[in-house]
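Colleague: Take a look at this one; I'll ask things after.
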Amino acid sequence: MPLRFGIAPIQTSAQRLAGHIEAAFGAREPIDILGFSMGGVIARTWIQQMGGHARTRRFLSLGSPQQGTLTAQPWPRRPLAGIADLKLGSALLRQLNADLSPLRDIDCCSYGTACDLMVVPGWHGVLPIGPRRMLPVWSHQQLLRHPAALDPLVADLLRP
């Protein structure tokens with residue numbers, strides 16, 4: 001899903017995600033969803049605020065600033081609303097953290113790396129619920145490319 005450099009607010013991107021999911025899987029098909037980086041916060045917003053919890057079986061968050069990131073701090077809301085939504089203590093992240101009940105019946109798992117330069121500090125790249133796994137890679141991009149990250153992720157994706 002194109003994010004256009006984080007110009008659109010996370011909630012707008014979550015609405016787009018809802019449309020893509022419905023077009024691909026229909027209105028009721030249960031799904032597993034993996035979100036990487038900003039995509040993980042977009043998926044979480046869809047799950048928690050737009051009814052996605054009713055059809056989501058499993059949610060894997062990979063290198064996503066679920067608790068905010070220092071790298072978003074200097075960016076203004078205009079023109080980068082999506083990035084501003086990732087600031088530490090943003091209104092969106094406070095809303096998501098205020099009510100975790102939509103996540104409680106979903107198998108949630110977070111993956112990150114302590115060395116991440118996009119999600120700073122690295123331990124902010126985890127959901128407030130479910131198991132957390134720090135992967136032994138050196139960068140944000142390696143979370144998608146390095147066998148040390150992909151092997152455990154694929155193993156978890158393939159488990160029933």
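Labels used: A, B, ... for chains in the order of the structure tokens, numbers from 1 for residues in each chain, and numbers from 1 for ligands as shown.
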Need to verify the contact set: A:Pro30, 8 Å, only C-alpha atoms, exclusion of same-chain residues closer than 6 positions in sequence. Can you return it as a ChimeraX atom specification?
Modeller: /A:55-57
Colleague: Could you make a table, as CSV, of the residues of stretch 64-147 of chain A that have an atom within 12 Å of an atom of stretch 13-22 of chain A, each with its nearest atom pair and distance in Å to one decimal, counting only C-alpha atoms, in chain and number order?
Modeller:
residue,atom,partner,partner_atom,distance
A:Ala81,CA,A:Ser13,CA,10.8
A:Gly82,CA,A:Ser13,CA,8.3
A:Ile83,CA,A:Ser13,CA,11.7
A:Asp85,CA,A:Ser13,CA,11.5
Colleague: For A:Ala91, please output as a PDB file with C-alpha atoms, in the first residue's frame all residues within 12 Å (counting only C-alpha atoms; exclusion window: fewer than 6 positions along the same chain).
Modeller:
ATOM      1  CA  PRO A   9      -2.866  10.658   8.609  1.00  0.00           C
ATOM      2  CA  ILE A  10      -2.635   7.082   9.903  1.00  0.00           C
ATOM      3  CA  GLN A  11      -6.425   6.884  10.215  1.00  0.00           C
ATOM      4  CA  GLN A  67       4.804   3.204  21.223  1.00  0.00           C
ATOM      5  CA  GLY A  68       6.078   6.065  19.057  1.00  0.00           C
ATOM      6  CA  ARG A  77       1.713  17.662  11.257  1.00  0.00           C
ATOM      7  CA  ALA A  81       0.422  13.974   9.322  1.00  0.00           C
ATOM      8  CA  GLY A  82       1.144  10.235   9.113  1.00  0.00           C
ATOM      9  CA  ALA A  84       3.437  13.079  13.135  1.00  0.00           C
ATOM     10  CA  ASP A  85       0.992  10.364  14.279  1.00  0.00           C
ATOM     11  CA  ASN A  97      -3.207   2.490  24.113  1.00  0.00           C
ATOM     12  CA  ALA A  98      -6.244   3.687  26.100  1.00  0.00           C
TER      13      ALA A  98
END
Colleague: Among chain A, which ones does DSSP place in strand (DSSP E or B), written as a PyMOL selection string?
Modeller: chain A and resi 31-36+56-62+107-112+132-134
Colleague: Can you list, as a list in words, every protein, DNA or RNA residue that comes within 7 Å of stretch 134-142 of chain A when you count only C-alpha atoms, leaving out same-chain residues fewer than 2 positions away?
Modeller: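 Listing them by chain and then by number gives Gly63, Tyr111, Gly112, Thr113, Ala114, Cys115, Asp116, Leu117, Met118, Arg132, Leu144, Arg145, His146, Ala148 and Ala149 of chain A.
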Colleague: I need the chosen residues saved as a PDB file, in the first residue's frame, with N, CA and C atoms.
Modeller:
ATOM      1  N   GLY A  63       8.816  -4.238  13.369  1.00  0.00           N
ATOM      2  CA  GLY A  63       9.521  -2.961  13.303  1.00  0.00           C
ATOM      3  C   GLY A  63       8.590  -1.767  13.243  1.00  0.00           C
ATOM      4  N   TYR A 111       7.724  -7.913  16.705  1.00  0.00           N
ATOM      5  CA  TYR A 111       9.114  -8.205  16.363  1.00  0.00           C
ATOM      6  C   TYR A 111       9.815  -6.878  16.117  1.00  0.00           C
ATOM      7  N   GLY A 112      11.020  -6.775  16.602  1.00  0.00           N
ATOM      8  CA  GLY A 112      11.787  -5.563  16.367  1.00  0.00           C
ATOM      9  C   GLY A 112      13.263  -5.844  16.523  1.00  0.00           C
ATOM     10  N   THR A 113      14.043  -4.773  16.460  1.00  0.00           N
ATOM     11  CA  THR A 113      15.474  -4.871  16.703  1.00  0.00           C
ATOM     12  C   THR A 113      15.906  -3.697  17.560  1.00  0.00           C
ATOM     13  N   ALA A 114      16.767  -3.965  18.505  1.00  0.00           N
ATOM     14  CA  ALA A 114      17.256  -2.909  19.394  1.00  0.00           C
ATOM     15  C   ALA A 114      18.089  -1.885  18.633  1.00  0.00           C
ATOM     16  N   CYS A 115      18.609  -2.265  17.478  1.00  0.00           N
ATOM     17  CA  CYS A 115      19.486  -1.387  16.686  1.00  0.00           C
ATOM     18  C   CYS A 115      18.735  -0.564  15.659  1.00  0.00           C
ATOM     19  N   ASP A 116      17.437  -0.570  15.690  1.00  0.00           N
ATOM     20  CA  ASP A 116      16.624   0.124  14.691  1.00  0.00           C
ATOM     21  C   ASP A 116      16.866   1.631  14.758  1.00  0.00           C
ATOM     22  N   LEU A 117      17.144   2.263  13.633  1.00  0.00           N
ATOM     23  CA  LEU A 117      17.319   3.712  13.590  1.00  0.00           C
ATOM     24  C   LEU A 117      16.065   4.432  13.115  1.00  0.00           C
ATOM     25  N   MET A 118      15.013   3.684  12.784  1.00  0.00           N
ATOM     26  CA  MET A 118      13.723   4.284  12.437  1.00  0.00           C
ATOM     27  C   MET A 118      12.800   4.280  13.655  1.00  0.00           C
ATOM     28  N   ARG A 132       6.740 -10.513  22.631  1.00  0.00           N
ATOM     29  CA  ARG A 132       7.640  -9.581  21.945  1.00  0.00           C
ATOM     30  C   ARG A 132       8.946 -10.304  21.671  1.00  0.00           C
ATOM     31  N   LEU A 144      13.228  -7.055   7.091  1.00  0.00           N
ATOM     32  CA  LEU A 144      12.535  -7.628   5.940  1.00  0.00           C
ATOM     33  C   LEU A 144      13.424  -8.475   5.044  1.00  0.00           C
ATOM     34  N   ARG A 145      14.750  -8.429   5.281  1.00  0.00           N
ATOM     35  CA  ARG A 145      15.655  -9.058   4.332  1.00  0.00           C
ATOM     36  C   ARG A 145      16.605 -10.100   4.920  1.00  0.00           C
ATOM     37  N   HIS A 146      16.968  -9.972   6.153  1.00  0.00           N
ATOM     38  CA  HIS A 146      18.005 -10.817   6.727  1.00  0.00           C
ATOM     39  C   HIS A 146      17.418 -12.139   7.234  1.00  0.00           C
ATOM     40  N   ALA A 148      18.173 -13.895   9.706  1.00  0.00           N
ATOM     41  CA  ALA A 148      18.008 -13.914  11.167  1.00  0.00           C
ATOM     42  C   ALA A 148      16.677 -13.315  11.591  1.00  0.00           C
ATOM     43  N   ALA A 149      16.084 -12.493  10.730  1.00  0.00           N
ATOM     44  CA  ALA A 149      14.756 -11.940  11.001  1.00  0.00           C
ATOM     45  C   ALA A 149      13.679 -12.753  10.286  1.00  0.00           C
TER      46      ALA A 149
END
Colleague: Atom CA of A:Ser64 and atom CA of A:Pro121, how far apart in Å?
Modeller: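 If I compute the distance from atom CA of A:Pro121 to atom CA of A:Ser64, I get 11.4 Å.
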Colleague: Any idea what the distance is between atom CA of A:Ser90 and atom CA of A:Thr71?
Modeller: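 Atom CA of A:Thr71 lies at a distance of 13.0 Å from atom CA of A:Ser90.
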Colleague: Restricting the calculation to only C-alpha atoms: of A:Pro152, A:Gly130, A:Pro160, A:Gly26, which residue gets closest to A:Ile106?
Modeller: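 The answer is A:Gly130, which sits nearest to A:Ile106.
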Colleague: Just how far from atom CA of A:Ala27 is atom CA of A:Pro131, in Å to one decimal?
Modeller: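 Separating atom CA of A:Pro131 from atom CA of A:Ala27 is a distance of 28.5 Å.
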Colleague: List as number ranges by chain the protein and nucleic acid residues near A:Leu100, meaning an atom at most 10 Å away when only C-alpha atoms are counted, but skip any in the same chain fewer than 3 places from it.
Modeller: A: 48, 95-97, 103-104, 127-129
Colleague: Pick the closest to A:Met50 from A:Gly125, A:Pro79, A:Pro65, A:Pro102: which is it, counting only C-alpha atoms?
Modeller: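 Residue with the minimum atom-to-atom distance to A:Met50: A:Pro102.
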Colleague: Could you pull out the helix (DSSP H, G or I) residues of stretch 12-138 of chain A from DSSP and send them as an MDAnalysis selection string?
Modeller: chainID A and resid 12:25 38:49 52:54 70:72 81:84 91:98 101:103 122:124
